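Here's work_33.cif, which has mmCIF, C-alpha atoms:
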data_target
#
loop_
_atom_site.label_atom_id
_atom_site.label_comp_id
_atom_site.auth_asym_id
_atom_site.auth_seq_id
_atom_site.Cartn_x
_atom_site.Cartn_y
_atom_site.Cartn_z
CA MET A 1 -57.32 -43.79 6.11
CA SER A 2 -57.31 -42.05 9.43
CA PRO A 3 -54.75 -44.14 11.37
CA PHE A 4 -52.41 -44.27 8.43
CA SER A 5 -52.73 -40.59 7.72
CA ARG A 6 -52.16 -39.80 11.41
CA ARG A 7 -48.97 -41.85 11.33
CA ALA A 8 -47.94 -40.16 8.13
CA PHE A 9 -48.64 -36.78 9.71
CA THR A 10 -46.77 -37.64 12.90
CA VAL A 11 -43.76 -38.68 10.82
CA GLY A 12 -44.03 -35.94 8.24
CA ALA A 13 -44.55 -32.99 10.56
CA PRO A 14 -41.33 -33.41 12.55
CA ALA A 15 -39.50 -34.12 9.33
CA SER A 16 -40.70 -30.87 7.80
CA LEU A 17 -39.84 -29.07 11.03
CA LEU A 18 -36.36 -30.54 10.92
CA THR A 19 -35.86 -29.47 7.32
CA ALA A 20 -37.10 -26.00 8.23
CA CYS A 21 -34.67 -25.84 11.11
CA THR A 22 -31.78 -27.01 8.98
CA GLY A 23 -32.84 -24.50 6.37
CA HIS A 24 -32.76 -21.77 8.97
CA GLY A 25 -29.44 -23.11 10.19
CA SER A 26 -27.99 -22.85 6.74
CA GLY A 27 -29.30 -19.31 6.59
CA ALA A 28 -27.40 -18.38 9.73
CA PRO A 29 -24.00 -18.36 8.06
CA ARG A 30 -25.41 -16.09 5.36
CA PRO A 31 -24.06 -12.95 6.99
CA ALA A 32 -20.69 -14.64 7.01
CA ALA A 33 -21.27 -15.59 3.39
CA THR A 34 -22.10 -12.01 2.48
CA ALA A 35 -19.04 -10.94 4.38
CA ARG A 36 -16.92 -13.53 2.68
CA PRO A 37 -16.95 -12.23 -0.88
CA VAL A 38 -15.03 -9.12 0.11
CA PRO A 39 -11.81 -10.81 1.11
CA ALA A 40 -12.49 -13.95 -0.95
CA LYS A 41 -12.52 -12.13 -4.28
CA ARG A 42 -8.88 -12.36 -5.03
CA ALA A 43 -8.13 -10.51 -8.21
CA ARG A 44 -4.79 -10.85 -9.88
CA PRO A 45 -2.23 -8.22 -8.87
CA LEU A 46 -1.69 -5.44 -11.36
CA ALA A 47 1.58 -4.22 -12.78
CA ARG A 48 3.13 -1.21 -11.10
CA SER A 49 1.50 2.01 -12.29
CA VAL A 50 1.13 5.23 -10.35
CA PRO A 51 -2.41 6.23 -9.29
CA VAL A 52 -3.79 9.39 -10.87
CA ARG A 53 -7.36 9.45 -9.61
CA LEU A 54 -9.40 8.02 -6.76
CA LEU A 55 -13.15 7.44 -6.76
CA ILE A 56 -15.30 6.43 -3.81
CA PRO A 57 -18.91 6.54 -5.06
CA ALA A 58 -20.47 5.82 -1.64
CA ILE A 59 -19.22 9.13 -0.21
CA GLY A 60 -18.96 11.14 -3.41
CA VAL A 61 -15.18 11.25 -3.67
CA ASP A 62 -13.65 11.87 -7.09
CA THR A 63 -10.21 13.36 -6.69
CA PRO A 64 -6.86 13.58 -8.43
CA VAL A 65 -4.07 11.76 -6.63
CA ILE A 66 -0.71 13.40 -6.02
CA ARG A 67 2.52 11.75 -4.85
CA LEU A 68 3.68 12.00 -1.26
CA GLY A 69 6.96 11.11 0.38
CA LEU A 70 8.43 11.51 3.81
CA ALA A 71 8.61 14.73 5.78
CA ALA A 72 11.87 15.86 7.37
CA ASP A 73 10.82 14.42 10.74
CA GLY A 74 10.23 10.98 9.26
CA THR A 75 6.46 11.19 9.24
CA VAL A 76 4.50 10.72 6.06
CA GLN A 77 3.85 13.82 4.00
CA VAL A 78 0.26 14.94 3.65
CA PRO A 79 -1.37 16.83 0.77
CA PRO A 80 -1.02 20.61 0.91
CA VAL A 81 -3.76 22.58 2.62
CA THR A 82 -5.51 24.22 -0.31
CA ALA A 83 -9.03 25.08 -1.37
CA HIS A 84 -8.97 22.27 -3.92
CA ASP A 85 -8.03 19.43 -1.65
CA ARG A 86 -6.65 16.25 -3.20
CA ALA A 87 -5.66 12.80 -2.04
CA GLY A 88 -2.04 11.69 -2.06
CA TRP A 89 -0.41 8.33 -2.62
CA TYR A 90 2.56 7.46 -0.39
CA ARG A 91 5.21 6.70 -2.99
CA HIS A 92 7.16 4.29 -0.79
CA SER A 93 4.14 1.99 -0.75
CA PRO A 94 3.01 -0.26 -3.64
CA THR A 95 0.88 1.26 -6.34
CA PRO A 96 -2.82 0.39 -6.03
CA GLY A 97 -3.47 -3.08 -7.38
CA ALA A 98 0.10 -4.27 -6.89
CA ARG A 99 0.82 -6.80 -4.15
CA GLY A 100 1.15 -5.13 -0.77
CA PRO A 101 -0.53 -2.31 1.13
CA SER A 102 -0.94 0.78 -1.03
CA VAL A 103 -1.37 3.85 1.15
CA ILE A 104 -3.42 6.91 0.15
CA LEU A 105 -3.90 9.86 2.46
CA GLY A 106 -6.32 12.76 2.45
CA HIS A 107 -7.44 15.55 4.75
CA VAL A 108 -10.67 15.43 6.69
CA THR A 109 -10.71 19.23 6.87
CA VAL A 110 -8.40 21.81 5.36
CA GLY A 111 -8.58 24.61 7.90
CA PRO A 112 -10.10 27.79 6.46
CA TYR A 113 -11.08 26.01 3.24
CA GLY A 114 -13.56 23.71 4.94
CA ASP A 115 -14.07 20.04 4.23
CA GLY A 116 -11.23 17.88 3.02
CA VAL A 117 -11.44 15.24 0.34
CA PHE A 118 -11.79 12.48 2.96
CA ARG A 119 -14.38 14.34 5.06
CA ARG A 120 -16.83 11.45 5.02
CA LEU A 121 -14.34 8.58 4.99
CA ALA A 122 -15.59 7.25 8.34
CA ARG A 123 -19.02 6.67 6.78
CA LEU A 124 -17.73 3.89 4.55
CA HIS A 125 -18.91 0.38 5.25
CA ARG A 126 -17.62 -3.07 4.59
CA GLY A 127 -18.08 -3.94 0.93
CA ASP A 128 -18.17 -0.34 -0.36
CA ARG A 129 -16.35 0.13 -3.65
CA ILE A 130 -13.18 2.15 -4.15
CA VAL A 131 -11.65 2.69 -7.58
CA ALA A 132 -8.08 3.81 -8.20
CA ARG A 133 -7.33 4.84 -11.75
CA LEU A 134 -3.76 4.30 -12.73
CA GLU A 135 -1.38 6.11 -15.03
CA ASN A 136 -1.38 3.24 -17.54
CA GLY A 137 -5.15 3.49 -17.98
CA THR A 138 -6.18 0.51 -15.90
CA ALA A 139 -8.42 0.81 -12.89
CA ALA A 140 -8.00 -1.13 -9.67
CA GLU A 141 -11.27 -1.80 -7.87
CA PHE A 142 -11.22 -2.41 -4.15
CA ALA A 143 -13.85 -3.46 -1.64
CA VAL A 144 -13.76 -2.12 1.90
CA THR A 145 -12.91 -4.79 4.43
CA ALA A 146 -12.74 -2.70 7.59
CA VAL A 147 -13.05 0.88 8.85
CA ARG A 148 -11.19 1.73 12.03
CA THR A 149 -10.90 4.87 14.12
CA VAL A 150 -7.79 4.74 16.26
CA PRO A 151 -6.05 7.23 18.56
CA LYS A 152 -3.04 8.88 16.94
CA THR A 153 -1.05 7.94 19.99
CA ASP A 154 -1.72 4.28 19.22
CA PHE A 155 -1.42 4.30 15.43
CA PRO A 156 -1.42 0.68 14.17
CA ALA A 157 1.67 0.96 11.95
CA ASP A 158 1.97 -2.81 11.54
CA ASP A 159 -1.60 -3.14 10.33
CA VAL A 160 -1.24 -0.19 7.96
CA TYR A 161 2.29 -0.59 6.59
CA GLY A 162 2.95 -4.26 7.32
CA ASN A 163 3.49 -6.75 4.50
CA VAL A 164 0.46 -8.49 3.01
CA ASP A 165 0.40 -11.22 0.38
CA ARG A 166 -2.29 -9.65 -1.81
CA PRO A 167 -3.09 -6.22 -3.25
CA GLU A 168 -4.66 -4.07 -0.55
CA LEU A 169 -5.44 -0.42 -0.04
CA ARG A 170 -5.26 1.85 2.99
CA LEU A 171 -7.09 5.16 3.05
CA ILE A 172 -6.05 7.38 5.93
CA THR A 173 -7.44 10.62 7.29
CA CYS A 174 -8.02 12.24 10.65
CA GLY A 175 -11.05 12.02 12.88
CA GLY A 176 -12.33 12.06 16.42
CA ALA A 177 -12.17 14.99 18.79
CA ARG A 178 -10.37 18.18 17.85
CA THR A 179 -7.12 18.93 19.61
CA GLY A 180 -6.11 22.52 18.93
CA ASP A 181 -5.84 22.76 15.18
CA GLY A 182 -5.79 19.00 14.63
CA TYR A 183 -7.58 15.80 15.54
CA ALA A 184 -7.04 13.15 18.17
CA ASP A 185 -7.69 10.11 15.99
CA ASN A 186 -7.00 8.62 12.61
CA VAL A 187 -9.68 7.03 10.46
CA ILE A 188 -8.25 4.13 8.48
CA VAL A 189 -10.12 2.29 5.75
CA PHE A 190 -8.79 -1.15 4.85
CA ALA A 191 -9.71 -2.52 1.43
CA ALA A 192 -8.75 -5.46 -0.76
CA LEU A 193 -8.52 -5.67 -4.53
CA SER A 194 -11.78 -7.03 -5.92
CA GLY A 195 -11.35 -6.48 -9.64
CA THR A 196 -9.58 -4.63 -12.40
CA LYS A 197 -10.69 -2.73 -15.46
CA SER A 198 -8.79 -2.21 -18.62
CA PRO A 199 -8.57 1.29 -20.12
CA THR A 200 -11.98 2.68 -21.00
CA SER A 201 -12.66 5.17 -23.72
CA GLY A 202 -13.32 8.77 -22.85
CA GLU A 203 -11.98 8.46 -19.34
CA ARG A 204 -8.82 9.79 -17.94
CA MET B 205 98.81 -25.55 -24.14
CA ARG B 206 97.08 -28.46 -22.55
CA ARG B 207 96.40 -26.33 -19.53
CA THR B 208 94.88 -23.60 -21.61
CA VAL B 209 92.87 -26.13 -23.60
CA LEU B 210 91.74 -27.78 -20.41
CA SER B 211 90.97 -24.47 -18.81
CA VAL B 212 89.03 -23.39 -21.90
CA LEU B 213 87.13 -26.65 -21.86
CA ALA B 214 86.47 -26.24 -18.17
CA LEU B 215 85.23 -22.69 -18.78
CA ALA B 216 83.07 -23.87 -21.63
CA GLY B 217 81.71 -26.65 -19.45
CA THR B 218 80.96 -24.26 -16.64
CA ALA B 219 79.41 -21.84 -19.12
CA VAL B 220 77.17 -24.61 -20.45
CA LEU B 221 76.34 -25.64 -16.94
CA MET B 222 75.64 -22.05 -16.01
CA GLY B 223 73.32 -21.82 -19.01
CA THR B 224 71.50 -24.96 -18.18
CA GLY B 225 71.57 -24.25 -14.47
CA PRO B 226 69.17 -21.29 -14.65
CA ALA B 227 67.09 -23.30 -17.03
CA PHE B 228 66.70 -25.97 -14.41
CA ALA B 229 66.35 -23.40 -11.73
CA ASP B 230 63.62 -21.59 -13.65
CA GLY B 231 61.90 -24.87 -14.27
CA PRO B 232 61.06 -25.81 -10.75
CA ALA B 233 61.14 -22.38 -9.14
CA THR B 234 59.64 -19.74 -11.44
CA PRO B 235 57.08 -21.85 -13.26
CA SER B 236 55.46 -22.81 -10.05
CA PRO B 237 55.03 -19.24 -8.86
CA VAL B 238 54.26 -17.96 -12.33
CA PRO B 239 51.35 -20.27 -13.01
CA SER B 240 50.07 -19.78 -9.51
CA ASP B 241 50.32 -16.00 -9.73
CA ALA B 242 49.91 -15.37 -13.41
CA ALA B 243 47.15 -17.80 -14.16
CA PRO B 244 44.74 -16.38 -11.61
CA SER B 245 45.66 -12.87 -12.66
CA THR B 246 45.13 -13.61 -16.33
CA ARG B 247 42.15 -15.89 -15.89
CA PRO B 248 39.84 -13.34 -14.37
CA ALA B 249 41.28 -10.68 -16.64
CA GLU B 250 41.24 -12.06 -20.15
CA SER B 251 41.33 -15.83 -20.51
CA ALA B 252 38.38 -18.09 -21.04
CA GLU B 253 37.61 -17.91 -17.37
CA PRO B 254 36.31 -14.36 -17.59
CA THR B 255 33.30 -15.97 -19.19
CA ARG B 256 32.90 -17.83 -15.93
CA THR B 257 33.24 -14.74 -13.78
CA PRO B 258 30.24 -13.00 -15.40
CA GLU B 259 28.18 -16.02 -14.49
CA PRO B 260 28.52 -15.52 -10.78
CA ALA B 261 27.93 -11.85 -11.48
CA ARG B 262 24.68 -12.82 -13.17
CA LYS B 263 23.70 -14.83 -10.16
CA THR B 264 23.61 -11.70 -8.03
CA PRO B 265 21.10 -9.96 -10.29
CA SER B 266 19.05 -13.12 -10.21
CA ALA B 267 18.90 -12.68 -6.47
CA GLU B 268 17.38 -9.22 -6.97
CA PRO B 269 14.04 -10.56 -8.17
CA THR B 270 13.75 -12.09 -4.74
CA ARG B 271 14.08 -8.56 -3.44
CA ALA B 272 11.46 -7.29 -5.88
CA PRO B 273 8.51 -8.77 -3.98
CA ALA B 274 9.88 -7.07 -0.90
CA ASP B 275 9.96 -3.84 -2.91
CA GLY B 276 6.31 -4.46 -3.61
CA GLN B 277 5.62 -3.85 0.04
CA VAL B 278 6.14 -0.61 1.94
CA SER B 279 9.86 0.06 1.50
CA VAL B 280 10.16 2.93 3.98
CA ARG B 281 7.90 2.91 6.99
CA PRO B 282 6.96 6.41 8.18
CA SER B 283 7.12 7.22 11.85
CA GLY B 284 4.15 8.37 13.86
CA ALA B 285 0.61 8.97 12.74
CA PRO B 286 -0.33 10.98 9.65
CA ASP B 287 -1.53 14.50 10.37
CA THR B 288 -4.32 14.61 7.83
CA GLY B 289 -6.63 17.14 9.35
CA VAL B 290 -6.25 20.86 9.79
CA ALA B 291 -9.21 21.94 11.84
CA ALA B 292 -10.72 25.35 11.29
CA THR B 293 -9.59 27.86 13.90
CA GLY B 294 -11.58 27.85 17.12
CA ALA B 295 -12.58 31.50 16.63
CA SER B 296 -14.40 30.72 13.44
CA GLY B 297 -16.20 27.86 15.14
CA THR B 298 -17.43 30.05 17.96
CA GLY B 299 -18.22 32.71 15.37
CA GLY B 300 -20.44 30.27 13.57
CA THR B 301 -22.17 29.42 16.82
CA ALA B 302 -22.65 33.10 17.60
CA ILE B 303 -24.10 33.73 14.16
CA GLY B 304 -26.52 30.84 14.62
CA ALA B 305 -27.57 32.06 18.04
CA GLY B 306 -28.06 35.60 16.72
CA ALA B 307 -30.20 34.36 13.84
CA ALA B 308 -32.31 32.32 16.25
CA ALA B 309 -32.77 35.34 18.51
CA VAL B 310 -33.82 37.52 15.56
CA LEU B 311 -36.30 34.87 14.44
CA ALA B 312 -37.74 34.55 17.93
CA LEU B 313 -38.06 38.32 18.25
CA GLY B 314 -39.74 38.63 14.87
CA GLY B 315 -42.12 35.79 15.61
CA GLY B 316 -43.00 37.30 18.98
CA THR B 317 -43.64 40.71 17.44
CA VAL B 318 -45.91 39.25 14.77
CA PHE B 319 -47.80 37.29 17.43
CA VAL B 320 -48.29 40.34 19.63
CA VAL B 321 -49.37 42.54 16.71
CA ARG B 322 -51.91 39.96 15.54
CA ARG B 323 -53.30 39.51 19.02
CA ARG B 324 -53.68 43.27 19.51
CA ARG B 325 -55.43 43.55 16.17
CA ALA B 326 -57.73 40.66 17.09
CA THR B 327 -58.60 42.13 20.45
CA GLY B 328 -58.93 45.61 18.94
CA ALA B 329 -61.35 44.36 16.27
#

Please, can you express the file's structure as structure tokens?
Amino acid sequence: MSPFSRRAFTVGAPASLLTACTGHGSGAPRPAATARPVPAKRARPLARSVPVRLLIPAIGVDTPVIRLGLAADGTVQVPPVTAHDRAGWYRHSPTPGARGPSVILGHVTVGPYGDGVFRRLARLHRGDRIVARLENGTAAEFAVTAVRTVPKTDFPADDVYGNVDRPELRLITCGGARTGDGYADNVIVFAALSGTKSPTSGER
Amino acid sequence: MRRTVLSVLALAGTAVLMGTGPAFADGPATPSPVPSDAAPSTRPAESAEPTRTPEPARKTPSAEPTRAPADGQVSVRPSGAPDTGVAATGASGTGGTAIGAGAAAVLALGGGTVFVVRRRRATGA
């Protein structure tokens, strides 16, 4: 019994160690696997419909969405500085859920009125949920893929406005150090469509 | 008489020839320009070929769907970076700091006074 069991032990122990190691090895890509679902969930693009409301539960955002165009100097318009700050959708970009980068802007602060609607945008993390309710009653659900803070002098226009082959969302606000009455940086949240919801009762 | 008859016959012959002459002349000359000029002008205008001309016209709208995906992207790229933050005026910021410092000073003074009063009472008793 003893020599045989010793042999069995000497064979079995390394084997169990090996399986444990391979098990641990398979666990290593788990972070990548958890990271994968965000871009991997490819929902079907939605039909064009203007956004009317934006919800970001992780940072308590629930705001109407207005339409924005271009300013006279060629820069993108921003929502008006008011006490009731709102987000604005850049109307020369795709509507949320349609193929391409849909761009929504909001203030981080609105001067004398205090915090803007995107005050805590930089606190978002990869995987956080963003919901854009559309005029036709559907809701486009996005998952955050990246949050970047970039100097305004080096604004990544290609990354923000460049063509993409799937429905994506860009949320833009200001951040970083104050420069006079403004800010030195832009905070940009990149998100990809993760799902859609048909019109629900009792909701706008 | 014979002369007049002959001359009349000759005139008649020339008249017939003159009549047929233009007919021959129109045959080779005008028909060739007329079909070449008239047919193209009538074909696009009214004939059966107008049904062909709409077809190429339909092909151009069919090319527009290829533009539609491009419309799905950002059609007009803004210049510069968005100015999405109007900071509160610096005065109000320093004002807030001053208010905070004042409140802290008042608290410290009050706490100190209470401490001193208690100590005096304790020593007095």

Give me, as JSON lines, each residue of chain A that comes within 8 Å of chain B, together with its shortest interatomic pair and the distance in Å at one decimal, counting only C-alpha atoms, with rows ordered by chain and rising residue number.
{"residue": "A:Leu70", "atom": "CA", "partner": "B:Pro282", "partner_atom": "CA", "distance": 6.9}
{"residue": "A:Gly74", "atom": "CA", "partner": "B:Ser283", "partner_atom": "CA", "distance": 5.5}
{"residue": "A:Thr75", "atom": "CA", "partner": "B:Ser283", "partner_atom": "CA", "distance": 4.8}
{"residue": "A:Val76", "atom": "CA", "partner": "B:Pro282", "partner_atom": "CA", "distance": 5.4}
{"residue": "A:Gln77", "atom": "CA", "partner": "B:Pro286", "partner_atom": "CA", "distance": 7.6}
{"residue": "A:Val78", "atom": "CA", "partner": "B:Thr288", "partner_atom": "CA", "distance": 6.2}
{"residue": "A:Pro79", "atom": "CA", "partner": "B:Thr288", "partner_atom": "CA", "distance": 8.0}
{"residue": "A:Val81", "atom": "CA", "partner": "B:Val290", "partner_atom": "CA", "distance": 7.8}
{"residue": "A:His92", "atom": "CA", "partner": "B:Ser279", "partner_atom": "CA", "distance": 5.5}
{"residue": "A:Ser93", "atom": "CA", "partner": "B:Val278", "partner_atom": "CA", "distance": 4.2}
{"residue": "A:Pro94", "atom": "CA", "partner": "B:Gly276", "partner_atom": "CA", "distance": 5.3}
{"residue": "A:Ala98", "atom": "CA", "partner": "B:Gly276", "partner_atom": "CA", "distance": 7.0}
{"residue": "A:Arg99", "atom": "CA", "partner": "B:Gly276", "partner_atom": "CA", "distance": 6.0}
{"residue": "A:Gly100", "atom": "CA", "partner": "B:Gln277", "partner_atom": "CA", "distance": 4.7}
{"residue": "A:Pro101", "atom": "CA", "partner": "B:Gln277", "partner_atom": "CA", "distance": 6.4}
{"residue": "A:Ser102", "atom": "CA", "partner": "B:Val278", "partner_atom": "CA", "distance": 7.8}
{"residue": "A:Leu105", "atom": "CA", "partner": "B:Thr288", "partner_atom": "CA", "distance": 7.2}
{"residue": "A:Gly106", "atom": "CA", "partner": "B:Thr288", "partner_atom": "CA", "distance": 6.0}
{"residue": "A:His107", "atom": "CA", "partner": "B:Thr288", "partner_atom": "CA", "distance": 4.5}
{"residue": "A:Val108", "atom": "CA", "partner": "B:Gly289", "partner_atom": "CA", "distance": 5.1}
{"residue": "A:Thr109", "atom": "CA", "partner": "B:Gly289", "partner_atom": "CA", "distance": 5.2}
{"residue": "A:Val110", "atom": "CA", "partner": "B:Val290", "partner_atom": "CA", "distance": 5.0}
{"residue": "A:Gly111", "atom": "CA", "partner": "B:Ala292", "partner_atom": "CA", "distance": 4.1}
{"residue": "A:Pro112", "atom": "CA", "partner": "B:Ala292", "partner_atom": "CA", "distance": 5.4}
{"residue": "A:Gly114", "atom": "CA", "partner": "B:Ala292", "partner_atom": "CA", "distance": 7.1}
{"residue": "A:Gly116", "atom": "CA", "partner": "B:Gly289", "partner_atom": "CA", "distance": 7.9}
{"residue": "A:Lys152", "atom": "CA", "partner": "B:Ala285", "partner_atom": "CA", "distance": 5.6}
{"residue": "A:Thr153", "atom": "CA", "partner": "B:Ala285", "partner_atom": "CA", "distance": 7.5}
{"residue": "A:Phe155", "atom": "CA", "partner": "B:Ala285", "partner_atom": "CA", "distance": 5.8}
{"residue": "A:Tyr161", "atom": "CA", "partner": "B:Val278", "partner_atom": "CA", "distance": 6.0}
{"residue": "A:Gly162", "atom": "CA", "partner": "B:Val278", "partner_atom": "CA", "distance": 7.2}
{"residue": "A:Asn163", "atom": "CA", "partner": "B:Gln277", "partner_atom": "CA", "distance": 5.7}
{"residue": "A:Val164", "atom": "CA", "partner": "B:Gln277", "partner_atom": "CA", "distance": 7.5}
{"residue": "A:Ile172", "atom": "CA", "partner": "B:Thr288", "partner_atom": "CA", "distance": 7.7}
{"residue": "A:Thr173", "atom": "CA", "partner": "B:Thr288", "partner_atom": "CA", "distance": 5.1}
{"residue": "A:Cys174", "atom": "CA", "partner": "B:Thr288", "partner_atom": "CA", "distance": 5.2}
{"residue": "A:Gly175", "atom": "CA", "partner": "B:Gly289", "partner_atom": "CA", "distance": 7.6}
{"residue": "A:Arg178", "atom": "CA", "partner": "B:Ala291", "partner_atom": "CA", "distance": 7.2}
{"residue": "A:Gly180", "atom": "CA", "partner": "B:Ala291", "partner_atom": "CA", "distance": 7.8}
{"residue": "A:Asp181", "atom": "CA", "partner": "B:Ala291", "partner_atom": "CA", "distance": 4.8}
{"residue": "A:Gly182", "atom": "CA", "partner": "B:Val290", "partner_atom": "CA", "distance": 5.2}
{"residue": "A:Tyr183", "atom": "CA", "partner": "B:Gly289", "partner_atom": "CA", "distance": 6.4}
{"residue": "A:Asn186", "atom": "CA", "partner": "B:Ala285", "partner_atom": "CA", "distance": 7.6}

May I have the centre and edge lengths, in Å to one decimal, of an axis-aligned box around the listed atoms of range 131-138 of chain A with 3 Å added to every side, as lines of an AutoDock Vina configuration file?
center_x = -6.5
center_y = 3.3
center_z = -12.8
size_x = 16.3
size_y = 11.6
size_z = 16.4

Report task. Work out how far CA of Thr179 in chain A is from CA of Arg91 in chain A, in Å to one decimal. Result -> 28.5 Å

Requested in this report: Write out as an MDAnalysis selection string which residues come within 12 Å of Val189 in chain A when counting all atoms listed in the file, dropping same-chain ones fewer than 6 positions away.
Outcome: chainID A and resid 56 101:106 118 120:130 142:150 159:160 168:174

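Counting only C-alpha atoms, Arg86 in chain A has the following residues at most 7 Å away, ignoring those fewer than 2 positions along the same chain: Thr63, Pro64, Val65, Pro79, His84, Gly88, Gly106 and Val117 of chain A.
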
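Here CA of Val131 in chain A and CA of Leu68 in chain A stand 19.0 Å from one another.
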
Report task. Using the chain letters and numbering of this document, enumerate as a VMD selection string the residues selected by the PyMOL selection byres ((chain A and resi 46) around 6). Result -> chain A and resid 45 47 97 to 98
